[in-house]
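Everything below belongs to final.cif, which stores mmCIF, C-alpha atoms.
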```cif
data_upload
loop_
_atom_site.label_atom_id
_atom_site.label_comp_id
_atom_site.auth_asym_id
_atom_site.auth_seq_id
_atom_site.Cartn_x
_atom_site.Cartn_y
_atom_site.Cartn_z
CA MET A 4 235.38 14.77 227.27
CA ASN A 5 231.83 15.78 226.43
CA SER A 6 230.90 15.80 222.77
CA ILE A 7 227.68 16.80 221.08
CA VAL A 8 226.84 14.09 218.55
CA PRO A 9 223.66 14.67 216.55
CA VAL A 10 221.91 11.40 215.75
CA ALA A 11 218.61 9.87 214.67
CA ILE A 12 217.55 7.04 216.99
CA CYS A 13 216.50 3.56 215.92
CA ASP A 14 216.46 0.19 217.69
CA SER A 15 220.01 -0.93 217.02
CA LYS A 16 221.73 1.67 214.91
CA VAL A 17 222.12 5.43 215.16
CA SER A 18 223.04 7.30 211.99
CA VAL A 19 224.88 10.59 212.28
CA SER A 20 223.00 13.69 211.16
CA ASN A 21 222.99 17.34 212.13
CA SER A 22 219.74 17.18 214.01
CA SER A 23 218.77 17.41 217.63
CA PRO A 24 221.70 17.30 220.04
CA LEU A 25 222.34 14.11 221.93
CA LEU A 26 224.86 14.66 224.69
CA ILE A 27 227.23 11.70 224.81
CA ASN A 28 229.84 11.43 227.56
CA LEU A 29 232.67 9.51 225.96
CA LYS A 30 234.50 8.90 229.24
CA ASN A 31 232.01 7.27 231.56
CA ALA A 32 229.62 4.37 231.39
CA PRO A 33 226.72 4.17 231.56
CA ILE A 34 226.50 6.92 228.98
CA PRO A 35 223.78 9.53 229.53
CA ILE A 36 221.87 10.38 226.39
CA ILE A 37 220.04 13.69 226.73
CA PHE A 38 217.34 14.39 224.18
CA PRO A 39 215.23 17.36 225.33
CA PRO A 40 212.42 17.33 226.22
CA PHE A 41 212.80 13.59 226.94
CA LYS A 42 214.34 12.19 230.11
CA THR A 43 217.95 11.07 230.34
CA ILE A 44 218.29 7.42 229.36
CA PRO A 45 221.35 5.71 230.91
CA ILE A 46 222.32 2.84 228.62
CA PRO A 47 225.64 0.97 228.76
CA ILE A 48 226.87 0.90 225.18
CA CYS A 49 230.06 0.68 223.22
CA ILE A 50 230.60 3.01 220.28
CA LYS A 51 232.07 2.11 216.95
CA ILE A 52 232.61 4.95 214.49
CA LYS A 53 232.97 4.22 210.81
CA ARG A 54 232.63 7.03 208.31
CA VAL A 55 229.43 8.81 209.26
CA CYS A 56 227.78 6.04 211.19
CA VAL A 57 227.73 5.59 214.95
CA THR A 58 226.64 2.06 215.83
CA PHE A 59 225.20 1.45 219.29
CA ASN A 60 225.56 -2.14 220.51
CA ARG A 61 223.07 -2.19 223.38
CA LYS A 62 223.78 -4.37 226.43
CA SER A 63 220.51 -3.58 228.14
CA SER A 64 217.00 -4.59 227.29
CA SER A 65 215.86 -0.95 227.11
CA SER A 66 214.04 -0.10 223.93
CA LEU A 67 214.54 3.08 221.94
CA HIS A 68 211.75 4.40 219.76
CA TYR A 69 211.82 6.02 216.38
CA LEU A 70 211.72 9.79 216.59
CA LYS A 71 210.44 12.21 213.97
CA PRO A 72 213.00 14.51 212.28
CA VAL A 73 213.65 17.65 214.28
CA LEU A 74 214.17 20.95 212.49
CA ILE A 75 217.19 23.04 213.36
CA THR A 76 218.48 26.42 212.29
CA LEU A 77 220.78 26.79 209.29
CA LYS A 78 222.83 29.43 211.06
CA GLY A 79 226.51 28.66 210.59
CA LYS A 80 225.89 26.65 207.42
CA VAL A 81 227.65 27.54 204.17
CA ALA A 82 225.86 27.31 200.82
CA ILE A 83 226.66 27.90 197.16
CA VAL A 84 223.93 28.83 194.68
CA THR A 85 225.05 29.04 191.05
CA GLY A 86 223.23 31.30 188.62
CA ALA A 87 221.64 33.40 191.35
CA SER A 88 221.35 36.85 189.79
CA ARG A 89 217.64 36.36 189.22
CA GLY A 90 214.87 33.82 188.91
CA VAL A 91 214.85 30.58 190.87
CA GLY A 92 218.52 30.92 191.85
CA LYS A 93 217.87 34.31 193.41
CA GLY A 94 214.80 33.01 195.25
CA ILE A 95 216.80 30.10 196.68
CA ALA A 96 219.63 32.39 197.81
CA LEU A 97 217.14 34.71 199.52
CA GLN A 98 215.53 31.87 201.46
CA LEU A 99 218.88 30.38 202.51
CA CYS A 100 220.07 33.75 203.80
CA GLN A 101 216.78 34.25 205.61
CA ALA A 102 217.37 30.88 207.31
CA GLY A 103 220.77 32.08 208.54
CA CYS A 104 223.14 30.62 205.94
CA THR A 105 226.30 32.18 204.62
CA VAL A 106 225.67 32.05 200.88
CA PHE A 107 228.08 32.35 197.95
CA ILE A 108 226.23 33.26 194.75
CA THR A 109 227.52 33.27 191.19
CA GLY A 110 226.47 35.06 188.04
CA ARG A 111 227.81 36.52 184.84
CA ARG A 112 229.79 39.72 184.74
CA PRO A 113 227.64 42.84 184.25
CA GLU A 114 228.68 43.34 180.62
CA ASN A 115 227.61 39.75 179.81
CA SER A 116 224.46 39.70 181.91
CA ALA A 117 220.93 40.31 180.67
CA SER A 118 220.47 42.79 183.54
CA SER A 119 222.65 45.26 181.66
CA GLN A 120 220.10 45.29 178.83
CA VAL A 121 216.80 44.69 180.65
CA SER A 122 215.88 47.10 183.42
CA PHE A 123 213.56 44.78 185.40
CA LEU A 124 216.29 42.14 185.97
CA SER A 125 218.47 42.46 189.05
CA SER A 126 222.25 42.33 188.94
CA LEU A 127 224.34 39.92 191.00
CA GLU A 128 225.35 42.72 193.37
CA GLU A 129 221.72 43.77 193.84
CA THR A 130 220.75 40.19 194.64
CA ALA A 131 223.58 39.97 197.18
CA LYS A 132 222.31 43.12 198.90
CA GLU A 133 218.77 41.72 199.06
CA CYS A 134 220.17 38.52 200.56
CA ARG A 135 222.07 40.41 203.24
CA ASP A 136 218.92 42.37 204.03
CA ARG A 137 217.29 39.01 204.88
CA GLY A 138 219.79 38.49 207.68
CA GLY A 139 222.44 36.20 206.20
CA GLU A 140 225.89 36.78 204.82
CA CYS A 141 226.16 36.80 201.03
CA TYR A 142 229.21 36.93 198.80
CA PRO A 143 228.75 37.49 195.04
CA TYR A 144 231.28 36.00 192.60
CA TYR A 145 231.41 36.57 188.87
CA VAL A 146 231.92 33.14 187.33
CA ASP A 147 231.58 32.07 183.70
CA HIS A 148 230.17 28.57 184.17
CA SER A 149 231.05 27.65 180.61
CA LYS A 150 234.73 27.83 181.60
CA MET A 151 235.67 25.02 183.94
CA ASP A 152 238.92 26.66 185.05
CA GLU A 153 236.87 29.56 186.46
CA VAL A 154 234.52 27.09 188.14
CA GLU A 155 237.40 25.23 189.77
CA GLN A 156 239.01 28.46 190.99
CA PHE A 157 235.71 29.62 192.48
CA PHE A 158 235.42 26.47 194.63
CA LYS A 159 239.05 26.87 195.73
CA ASP A 160 238.27 30.46 196.79
CA VAL A 161 235.20 29.35 198.76
CA ALA A 162 237.13 26.54 200.48
CA GLU A 163 239.89 28.95 201.47
CA LYS A 164 237.45 31.57 202.75
CA THR A 165 235.40 29.05 204.79
CA ASN A 166 238.24 26.85 206.00
CA ASN A 167 236.97 23.94 203.89
CA GLN A 168 233.34 24.18 204.94
CA LEU A 169 230.54 23.69 202.46
CA ASP A 170 227.17 22.31 203.53
CA ILE A 171 224.86 22.99 200.57
CA LEU A 172 225.38 23.22 196.82
CA VAL A 173 222.53 24.26 194.53
CA ASN A 174 223.27 23.63 190.85
CA ASN A 175 221.05 26.19 189.14
CA ALA A 176 223.16 27.98 186.50
CA PHE A 177 221.56 27.91 183.04
CA SER A 178 222.53 29.97 180.01
CA ALA A 179 219.92 29.04 177.40
CA VAL A 180 216.76 30.75 178.64
CA SER A 181 216.51 32.69 175.37
CA GLN A 182 216.55 29.41 173.37
CA CYS A 183 213.79 27.82 175.43
CA GLY A 184 210.17 28.82 175.95
CA THR A 185 210.14 31.24 173.04
CA GLY A 186 207.51 29.44 170.99
CA ASP A 187 210.04 28.07 168.49
CA ASN A 188 208.63 24.70 167.42
CA SER A 189 211.48 23.79 165.09
CA ARG A 190 212.57 20.16 165.18
CA PHE A 191 216.08 19.22 166.28
CA PHE A 192 217.44 18.78 162.71
CA GLU A 193 216.02 22.15 161.68
CA ARG A 194 218.03 23.98 164.33
CA ASP A 195 221.72 24.77 164.68
CA PRO A 196 223.39 21.76 166.36
CA LYS A 197 225.29 24.24 168.55
CA LEU A 198 222.06 24.49 170.52
CA TRP A 199 223.29 21.39 172.38
CA ASP A 200 226.28 23.30 173.75
CA ASP A 201 224.20 26.41 174.50
CA VAL A 202 221.80 24.34 176.62
CA ASN A 203 223.98 21.67 178.15
CA ASN A 204 227.45 23.13 178.59
CA VAL A 205 226.39 25.33 181.51
CA GLY A 206 223.12 23.52 182.24
CA LEU A 207 224.59 20.01 182.59
CA ARG A 208 228.36 19.67 182.15
CA ASN A 209 229.04 22.55 184.53
CA HIS A 210 226.79 21.01 187.18
CA TYR A 211 228.81 17.83 187.09
CA TYR A 212 232.02 19.80 187.62
CA CYS A 213 230.46 21.83 190.44
CA SER A 214 229.28 18.65 192.15
CA VAL A 215 232.77 17.12 191.92
CA TYR A 216 234.46 20.14 193.48
CA ALA A 217 231.74 20.52 196.11
CA ALA A 218 231.85 16.85 197.13
CA ARG A 219 235.63 17.05 197.58
CA ILE A 220 235.08 19.77 200.19
CA MET A 221 232.04 18.18 201.84
CA ILE A 222 233.63 14.76 202.28
CA GLN A 223 236.35 16.29 204.46
CA ASN A 224 233.78 16.85 207.23
CA PRO A 225 232.28 13.34 207.43
CA ILE A 226 230.02 13.87 210.46
CA VAL A 227 228.35 16.99 209.00
CA PRO A 228 225.36 16.21 206.74
CA CYS A 229 225.66 17.98 203.38
CA LEU A 230 223.24 18.47 200.50
CA ILE A 231 223.68 18.78 196.72
CA VAL A 232 220.60 19.88 194.77
CA ASN A 233 220.23 19.85 190.99
CA ILE A 234 217.53 22.26 189.85
CA SER A 235 215.82 20.26 187.14
CA SER A 236 212.41 20.36 185.50
CA VAL A 237 209.41 18.34 184.40
CA GLY A 238 211.25 18.48 181.08
CA GLY A 239 213.28 15.57 182.44
CA GLY A 240 210.15 13.43 182.19
CA VAL A 241 208.09 14.83 179.31
CA TYR A 242 208.88 16.71 176.13
CA LEU A 243 209.39 20.41 176.82
CA PHE A 244 210.85 23.21 174.64
CA ASN A 245 213.31 21.15 172.56
CA THR A 246 215.29 17.92 172.47
CA CYS A 247 218.44 19.41 174.00
CA TYR A 248 216.53 20.81 176.96
CA GLY A 249 214.80 17.51 177.73
CA VAL A 250 217.99 15.46 177.45
CA GLY A 251 219.81 17.87 179.76
CA LYS A 252 217.12 17.77 182.47
CA CYS A 253 216.75 14.00 182.26
CA ALA A 254 220.52 13.68 182.60
CA LYS A 255 220.51 15.92 185.69
CA ASP A 256 217.94 13.66 187.33
CA ARG A 257 220.03 10.61 186.51
CA MET A 258 223.19 12.35 187.69
CA ALA A 259 221.57 12.99 191.08
CA HIS A 260 220.51 9.35 191.26
CA ASP A 261 223.92 7.89 190.42
CA MET A 262 225.91 10.36 192.52
CA GLY A 263 223.60 9.59 195.41
CA HIS A 264 224.26 5.89 194.87
CA GLU A 265 228.01 6.43 195.09
CA LEU A 266 227.60 8.65 198.16
CA GLN A 267 225.07 6.46 199.96
CA ASN A 268 227.36 5.65 202.89
CA THR A 269 228.70 9.17 203.29
CA ASN A 270 227.47 12.43 204.80
CA ILE A 271 226.34 13.78 201.41
CA THR A 272 222.77 13.63 200.10
CA VAL A 273 222.12 14.33 196.41
CA ILE A 274 218.69 15.08 194.96
CA SER A 275 217.14 16.53 191.83
CA LEU A 276 214.40 19.11 192.35
CA TRP A 277 211.52 19.80 189.98
CA PRO A 278 209.96 23.22 190.57
CA GLY A 279 206.50 23.65 189.12
CA ALA A 280 205.55 26.53 186.84
CA VAL A 281 207.59 29.41 188.29
CA LYS A 282 206.73 33.07 187.92
CA THR A 283 210.24 34.25 187.11
CA GLU A 284 210.86 37.83 186.05
CA LEU A 285 211.40 36.77 182.43
CA ILE A 286 208.34 34.53 182.27
CA THR A 287 206.10 37.18 183.83
CA ASN A 288 207.32 39.80 181.36
CA LEU A 289 206.96 37.41 178.44
CA ILE A 290 203.36 36.63 179.29
CA LYS A 291 202.46 40.28 179.80
CA ASN A 292 204.00 41.39 176.52
CA LYS A 293 203.90 38.33 174.25
CA ASP A 294 200.76 36.37 174.94
CA GLU A 295 201.20 34.51 171.70
CA SER A 296 204.23 32.64 173.11
CA PHE A 297 202.05 30.49 175.37
CA GLY A 298 198.52 29.21 175.23
CA GLU A 299 195.81 30.55 177.52
CA ALA A 300 195.97 27.60 179.92
CA GLN A 301 199.77 27.72 180.02
CA ASN A 302 199.75 31.46 180.73
CA GLU A 303 197.31 30.91 183.56
CA MET A 304 199.40 28.03 184.91
CA PHE A 305 202.53 30.19 185.10
CA MET A 306 200.79 33.23 186.54
CA ASN A 307 199.22 31.04 189.24
CA GLY A 308 202.47 29.13 189.71
CA GLU A 309 205.22 29.22 192.28
CA THR A 310 207.14 32.31 193.26
CA THR A 311 210.88 32.10 192.76
CA GLU A 312 211.31 31.64 196.53
CA TYR A 313 209.14 28.53 196.84
CA PRO A 314 211.95 26.19 195.64
CA GLY A 315 214.16 27.99 198.16
CA LYS A 316 211.76 27.14 200.96
CA ALA A 317 211.84 23.52 199.80
CA ILE A 318 215.65 23.42 199.98
CA VAL A 319 215.70 25.10 203.40
CA HIS A 320 213.33 22.46 204.78
CA LEU A 321 215.38 19.67 203.23
CA ALA A 322 218.59 21.06 204.72
CA LYS A 323 216.94 21.36 208.14
CA ASP A 324 215.71 17.77 208.12
CA SER A 325 217.69 15.60 210.53
CA ASN A 326 216.93 12.63 208.29
CA MET A 327 217.51 14.20 204.87
CA LYS A 328 219.33 11.05 203.74
CA LYS A 329 215.95 9.41 203.13
CA TRP A 330 215.64 11.62 200.03
CA ASN A 331 219.04 10.56 198.63
CA SER A 332 219.11 9.91 194.85
CA ALA A 333 215.48 11.01 194.48
CA THR A 334 213.85 13.35 191.99
CA ILE A 335 211.40 15.45 194.01
CA ILE A 336 208.64 17.92 193.11
CA THR A 337 208.67 21.15 195.12
CA ALA A 338 204.94 20.95 195.88
CA ASP A 339 205.40 17.42 197.26
CA LEU A 340 207.96 18.80 199.71
CA GLY A 341 205.51 21.56 200.59
CA ASN A 342 202.91 18.93 201.45
CA TYR A 343 205.41 16.78 203.37
CA TYR A 344 206.91 19.55 205.48
CA GLY A 345 203.75 21.64 205.66
CA PHE A 346 204.98 24.94 204.22
CA ARG A 347 203.32 27.35 201.80
CA ASP A 348 204.63 29.83 199.27
CA ILE A 349 205.66 33.30 200.48
CA ASP A 350 202.29 34.66 199.32
CA GLY A 351 200.43 32.14 201.48
CA ARG A 352 199.24 29.94 198.61
CA LYS A 353 199.75 26.23 198.00
CA PRO A 354 201.04 26.16 194.40
CA ALA A 355 199.74 23.68 191.88
CA ASN A 356 201.47 20.32 191.86
CA LEU A 357 203.06 18.86 188.73
CA ARG A 358 201.19 15.68 189.62
CA GLN A 359 197.97 17.45 188.62
CA VAL A 360 196.67 16.08 185.34
CA ASN A 361 195.71 19.55 184.07
CA ALA A 362 199.26 20.81 184.60
CA ILE A 363 200.70 18.02 182.45
CA LEU A 364 198.02 18.53 179.79
CA ALA A 365 198.80 22.25 179.62
CA LEU A 366 202.52 21.58 179.23
CA GLN A 367 201.76 19.16 176.40
CA GLY A 368 199.67 21.74 174.58
CA TYR A 369 196.21 20.34 175.35
CA THR A 370 195.14 23.71 176.70
CA LYS A 371 191.37 23.36 176.25
CA LEU A 372 191.27 19.97 177.90
CA ALA A 373 193.52 21.25 180.71
CA LYS A 374 191.16 24.13 181.38
CA TRP A 375 188.27 21.73 181.99
CA THR A 376 190.22 19.21 184.07
CA PRO A 377 189.73 19.61 187.86
CA ASN A 378 192.70 20.39 190.12
CA TRP A 379 192.00 17.43 192.41
CA LEU A 380 192.73 14.90 189.63
CA LYS A 381 196.38 13.90 190.21
CA PHE A 382 198.83 11.18 189.28
CA THR A 383 200.17 8.95 192.04
CA GLY A 384 203.86 8.19 192.33
CA TRP A 385 203.59 4.72 190.83
CA GLN A 386 201.52 6.06 187.93
CA ILE A 387 204.20 8.63 187.13
CA SER A 388 206.88 5.93 187.30
CA MET A 389 204.94 3.72 184.92
CA TRP A 390 204.19 6.63 182.62
CA LEU A 391 207.86 7.65 182.42
CA ASN A 392 208.94 4.07 181.79
CA LYS A 393 210.88 4.07 178.49
CA PHE A 394 210.60 0.33 177.92
CA LYS A 395 207.69 -0.48 175.64
CA TYR A 396 207.79 -4.26 175.60
#
```
Using structure tokens, write down the structure from this file.
Amino acid sequence: MNSIVPVAICDSKVSVSNSSPLLINLKNAPIPIIFPPFKTIPIPICIKIKRVCVTFNRKSSSSLHYLKPVLITLKGKVAIVTGASRGVGKGIALQLCQAGCTVFITGRRPENSASSQVSFLSSLEETAKECRDRGGECYPYYVDHSKMDEVEQFFKDVAEKTNNQLDILVNNAFSAVSQCGTGDNSRFFERDPKLWDDVNNVGLRNHYYCSVYAARIMIQNPIVPCLIVNISSVGGGVYLFNTCYGVGKCAKDRMAHDMGHELQNTNITVISLWPGAVKTELITNLIKNKDESFGEAQNEMFMNGETTEYPGKAIVHLAKDSNMKKWNSATIITADLGNYYGFRDIDGRKPANLRQVNAILALQGYTKLAKWTPNWLKFTGWQISMWLNKFKY
């Protein structure tokens, strides 16, 4: 029996991934390994399969070399993007469909959606049509992500429709946009404590539930690499908007880390993604009509920021990576992925990186200083880690 087993080669161990095809003849020895455009390498081996790992015990002295990740199409993959009517969620859904995915998108019912009151915001159905126009299949579902019974039923419906296939989950739903970024500088005790639920019921608790239901589907296909992405924010590292927002984003980063830890030896990779300043429809309109809500440097940062599809391009490249597991448990900046994989935004630009000192200064309100700080001045990874360290002694 011939079986196509995608693997990433190393000297003594081959980890399963959905990358370049290696043709392995399970009947005969020596076993021919075909890795185009390389030559066939006959190596007598015995195969031991445990979970998602294929271990090659080599009996010859032949050496195998490390190979770079090979990109493959996402055609045939199934993805869920929550909160995809507009903004970053819509941009991610568009890019996944363009890459060939079948995408299930969720949003609020028309009567509860901001699109029913604001003409420049697209509805869930309109987003689905745009996604299909990109070449992929797209199925819109109205889901209230504050109600966990609706969330659970949605995942059951997807599993039934796809015969228990789910390759990518993007946790993006967020219901507190109107409570964040509005220029309200009230301190936590001066605000209604219900703000916690407004921000973190859909924006945190729901993402945990979605990840649980998604992982239960993904784990059933142990040789197929799967990806869970939490859309987070620099607010997980520095103060932004309000206490509830920062706690929620920080918790999403930690949730990705700990879930990744528990899923380390499985086919599932979990990461948290920090987009930079994103030119969403709401932000663009806010800046054009309410300049007083942001400072001059902050306005400029957003207007020169990422399009809503740039995070989508980042997720597509992650999902295509034959060695995506190397990112497991990490919190990653979209612009860092752009540099690593070599892609640009849909308008051809390389967006500013949150590592840039002027970007952090602008977010912290030091707008004048940010304006005079050069773009090339950036924090390194270890500097960010030290800076975010919460231990003072």
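In this structure, CA of Leu99 (chain A) sits 22.2 Å away from CA of Tyr211 (chain A).
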**Study point:** Atom-to-atom span, CA of Ala87 (chain A) and CA of Lys329 (chain A), Å
**Key:**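 Computing the Euclidean distance for CA of Ala87 (chain A) and CA of Lys329 (chain A) yields 27.3 Å.
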Revision key, fill the gap. One decimal place gives the CA of Trp277 (chain A)-CA of Gly103 (chain A) separation as 24.1 Å
Do you have, as JSON lines, the list of residues of region 317-387 of chain A lying at most 12 Å from region 160-174 of chain A, each with its nearest atom pair and that distance in Å to one decimal, counting only C-alpha atoms and ordered by chain then number?
```
{"residue": "A:Ala317", "atom": "CA", "partner": "A:Val173", "partner_atom": "CA", "distance": 11.9}
{"residue": "A:Ile318", "atom": "CA", "partner": "A:Val173", "partner_atom": "CA", "distance": 8.8}
{"residue": "A:Val319", "atom": "CA", "partner": "A:Ile171", "partner_atom": "CA", "distance": 9.8}
{"residue": "A:Leu321", "atom": "CA", "partner": "A:Ile171", "partner_atom": "CA", "distance": 10.4}
{"residue": "A:Ala322", "atom": "CA", "partner": "A:Ile171", "partner_atom": "CA", "distance": 7.8}
{"residue": "A:Lys323", "atom": "CA", "partner": "A:Ile171", "partner_atom": "CA", "distance": 11.1}
```
Exercise for review: Translate the PyMOL selection byres ((chain A and resi 264) around 12), as applied to the file shown, into an explicit residue set as a list in words.
Suggested key: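 On this input, the PyMOL selection byres ((chain A and resi 264) around 12) captures Arg257, Met258, Ala259, His260, Asp261, Met262, Gly263, Glu265, Leu266, Gln267, Asn268, Thr269, Ile271, Thr272, Val273, Ile274, Lys328, Trp330, Asn331, Ser332 and Ala333 of chain A.
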Review point. Contacts of region 239-252 of chain A at 6 Å or less, counting only C-alpha atoms, minus same-chain residues fewer than 6 places along, as a list in words?
Key: Cys183, Gly184, Trp199, Asn203 and Leu207 of chain A
Review point. Between A:His320, A:Lys132, A:Lys395, A:Arg219, which has the minimum distance to Gln98 (chain A) (counting all atoms listed in the file)?
Key: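 Using all atoms listed in the file, Gln98 (chain A) sits closest to A:His320.
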Check your understanding: Selected by the PyMOL selection byres ((chain A and resi 381) around 12) in the shown coordinates: which residues, as a ChimeraX atom specification?
Key -> /A:339,355-364,376-380,382-387
Point to revise | Spatial neighbours of Phe177 (chain A), 9 Å, only C-alpha atoms, chain gap at least 5 places, as an NGL selection string | key: :A and (85-86 or 148 or 202-207)
Check your understanding: Out of A:Ala179, A:Leu97, A:Ala373, A:Val91, which residue has the shortest atom-to-atom distance to Thr310 (chain A) when counting all atoms listed in the file?
Key ->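 Closest residue, counting all atoms listed in the file: A:Val91.
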**Study point:** Closest of A:Ser125, A:Ile220, A:Glu309, A:Pro113 to Lys159 (chain A) - atom-to-atom distances counting all atoms listed in the file
**Key:**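 Looking at the shortest contact to Lys159 (chain A), the residue is A:Ile220.
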Box in all listed atoms of region 386-392 of chain A, axis-aligned, with 6 Å more on each side; write out centre and edge lengths in Å to one decimal as AutoDock Vina command-line options.
```
--center_x 205.2 --center_y 6.2 --center_z 184.9 --size_x 19.4 --size_y 16.9 --size_z 18.1
```
Check your understanding: Between A:Glu153, A:Gly79, A:Leu127, A:Tyr344, which has the minimum distance to Gly139 (chain A) (counting only C-alpha atoms)?
Key -> A:Gly79
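Once the PyMOL selection byres ((chain A and resi 130) around 9) is applied to this file, the selection holds A:Ala87, A:Ser88, A:Arg89, A:Lys93, A:Ala96, A:Leu97, A:Ile108, A:Ser125, A:Ser126, A:Leu127, A:Glu128, A:Glu129, A:Ala131, A:Lys132, A:Glu133, A:Cys134, A:Arg135, A:Pro143.
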File dump, residues just selected, C-alpha atoms, as a compact mmCIF listing (two decimals), keeping the file's coordinate frame:
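Contents of selection.txt, as written:
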```txt
# COMPACT_ATOMS: atom_id res chain seq x y z
CA ALA A 87 221.64 33.40 191.35
CA SER A 88 221.35 36.85 189.79
CA ARG A 89 217.64 36.36 189.22
CA LYS A 93 217.87 34.31 193.41
CA ALA A 96 219.63 32.39 197.81
CA LEU A 97 217.14 34.71 199.52
CA ILE A 108 226.23 33.26 194.75
CA SER A 125 218.47 42.46 189.05
CA SER A 126 222.25 42.33 188.94
CA LEU A 127 224.34 39.92 191.00
CA GLU A 128 225.35 42.72 193.37
CA GLU A 129 221.72 43.77 193.84
CA ALA A 131 223.58 39.97 197.18
CA LYS A 132 222.31 43.12 198.90
CA GLU A 133 218.77 41.72 199.06
CA CYS A 134 220.17 38.52 200.56
CA ARG A 135 222.07 40.41 203.24
CA PRO A 143 228.75 37.49 195.04
```
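Using all atoms listed in the file, the smallest distance between any of A:Ile290, A:Ile95, A:Cys100, A:Met327 and Leu77 (chain A) comes from A:Cys100.
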Exercise for review: Give the answer as one residue: which of A:Gly308, A:Leu276, A:Cys213, A:Val146 has the shortest atom-to-atom distance to Val237 (chain A), using all atoms listed in the file?
Suggested key: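 Closest to Val237 (chain A) of all the choices is A:Leu276.
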Supply region 268-280 of chain A as a JSON list (two decimals), in the coordinates of the input, with N, CA, C and O atoms built in where the input has gaps.
```json
[["chain", "number", "residue", "atom", "x", "y", "z"],
["A", 268, "ASN", "N", 226.82, 5.88, 201.55],
["A", 268, "ASN", "CA", 227.36, 5.65, 202.89],
["A", 268, "ASN", "C", 228.24, 6.80, 203.37],
["A", 268, "ASN", "O", 229.14, 6.62, 204.18],
["A", 269, "THR", "N", 227.95, 7.99, 202.88],
["A", 269, "THR", "CA", 228.70, 9.17, 203.29],
["A", 269, "THR", "C", 227.74, 10.18, 203.91],
["A", 269, "THR", "O", 226.55, 9.93, 204.07],
["A", 270, "ASN", "N", 228.27, 11.36, 204.21],
["A", 270, "ASN", "CA", 227.47, 12.43, 204.80],
["A", 270, "ASN", "C", 226.76, 13.28, 203.76],
["A", 270, "ASN", "O", 226.10, 14.27, 204.10],
["A", 271, "ILE", "N", 226.87, 12.93, 202.48],
["A", 271, "ILE", "CA", 226.34, 13.78, 201.41],
["A", 271, "ILE", "C", 225.06, 13.18, 200.82],
["A", 271, "ILE", "O", 225.04, 12.01, 200.44],
["A", 272, "THR", "N", 224.03, 14.00, 200.75],
["A", 272, "THR", "CA", 222.77, 13.63, 200.10],
["A", 272, "THR", "C", 222.65, 14.39, 198.79],
["A", 272, "THR", "O", 222.92, 15.60, 198.73],
["A", 273, "VAL", "N", 222.26, 13.70, 197.72],
["A", 273, "VAL", "CA", 222.12, 14.33, 196.41],
["A", 273, "VAL", "C", 220.70, 14.11, 195.91],
["A", 273, "VAL", "O", 220.20, 12.98, 195.92],
["A", 274, "ILE", "N", 220.05, 15.20, 195.51],
["A", 274, "ILE", "CA", 218.69, 15.08, 194.96],
["A", 274, "ILE", "C", 218.53, 15.97, 193.72],
["A", 274, "ILE", "O", 219.33, 16.88, 193.49],
["A", 275, "SER", "N", 217.52, 15.68, 192.95],
["A", 275, "SER", "CA", 217.14, 16.53, 191.83],
["A", 275, "SER", "C", 215.77, 17.12, 192.14],
["A", 275, "SER", "O", 214.86, 16.40, 192.58],
["A", 276, "LEU", "N", 215.61, 18.41, 191.95],
["A", 276, "LEU", "CA", 214.40, 19.11, 192.35],
["A", 276, "LEU", "C", 213.66, 19.65, 191.14],
["A", 276, "LEU", "O", 214.24, 20.37, 190.33],
["A", 277, "TRP", "N", 212.38, 19.28, 191.05],
["A", 277, "TRP", "CA", 211.52, 19.80, 189.98],
["A", 277, "TRP", "C", 210.63, 20.92, 190.52],
["A", 277, "TRP", "O", 209.63, 20.63, 191.19],
["A", 278, "PRO", "N", 210.94, 22.18, 190.27],
["A", 278, "PRO", "CA", 209.96, 23.22, 190.57],
["A", 278, "PRO", "C", 208.77, 23.08, 189.62],
["A", 278, "PRO", "O", 208.88, 22.48, 188.55],
["A", 279, "GLY", "N", 207.64, 23.64, 190.02],
["A", 279, "GLY", "CA", 206.50, 23.65, 189.12],
["A", 279, "GLY", "C", 206.64, 24.81, 188.15],
["A", 279, "GLY", "O", 207.74, 25.25, 187.83],
["A", 280, "ALA", "N", 205.52, 25.32, 187.67],
["A", 280, "ALA", "CA", 205.55, 26.53, 186.84],
["A", 280, "ALA", "C", 205.94, 27.70, 187.74],
["A", 280, "ALA", "O", 205.26, 27.99, 188.72]]
```
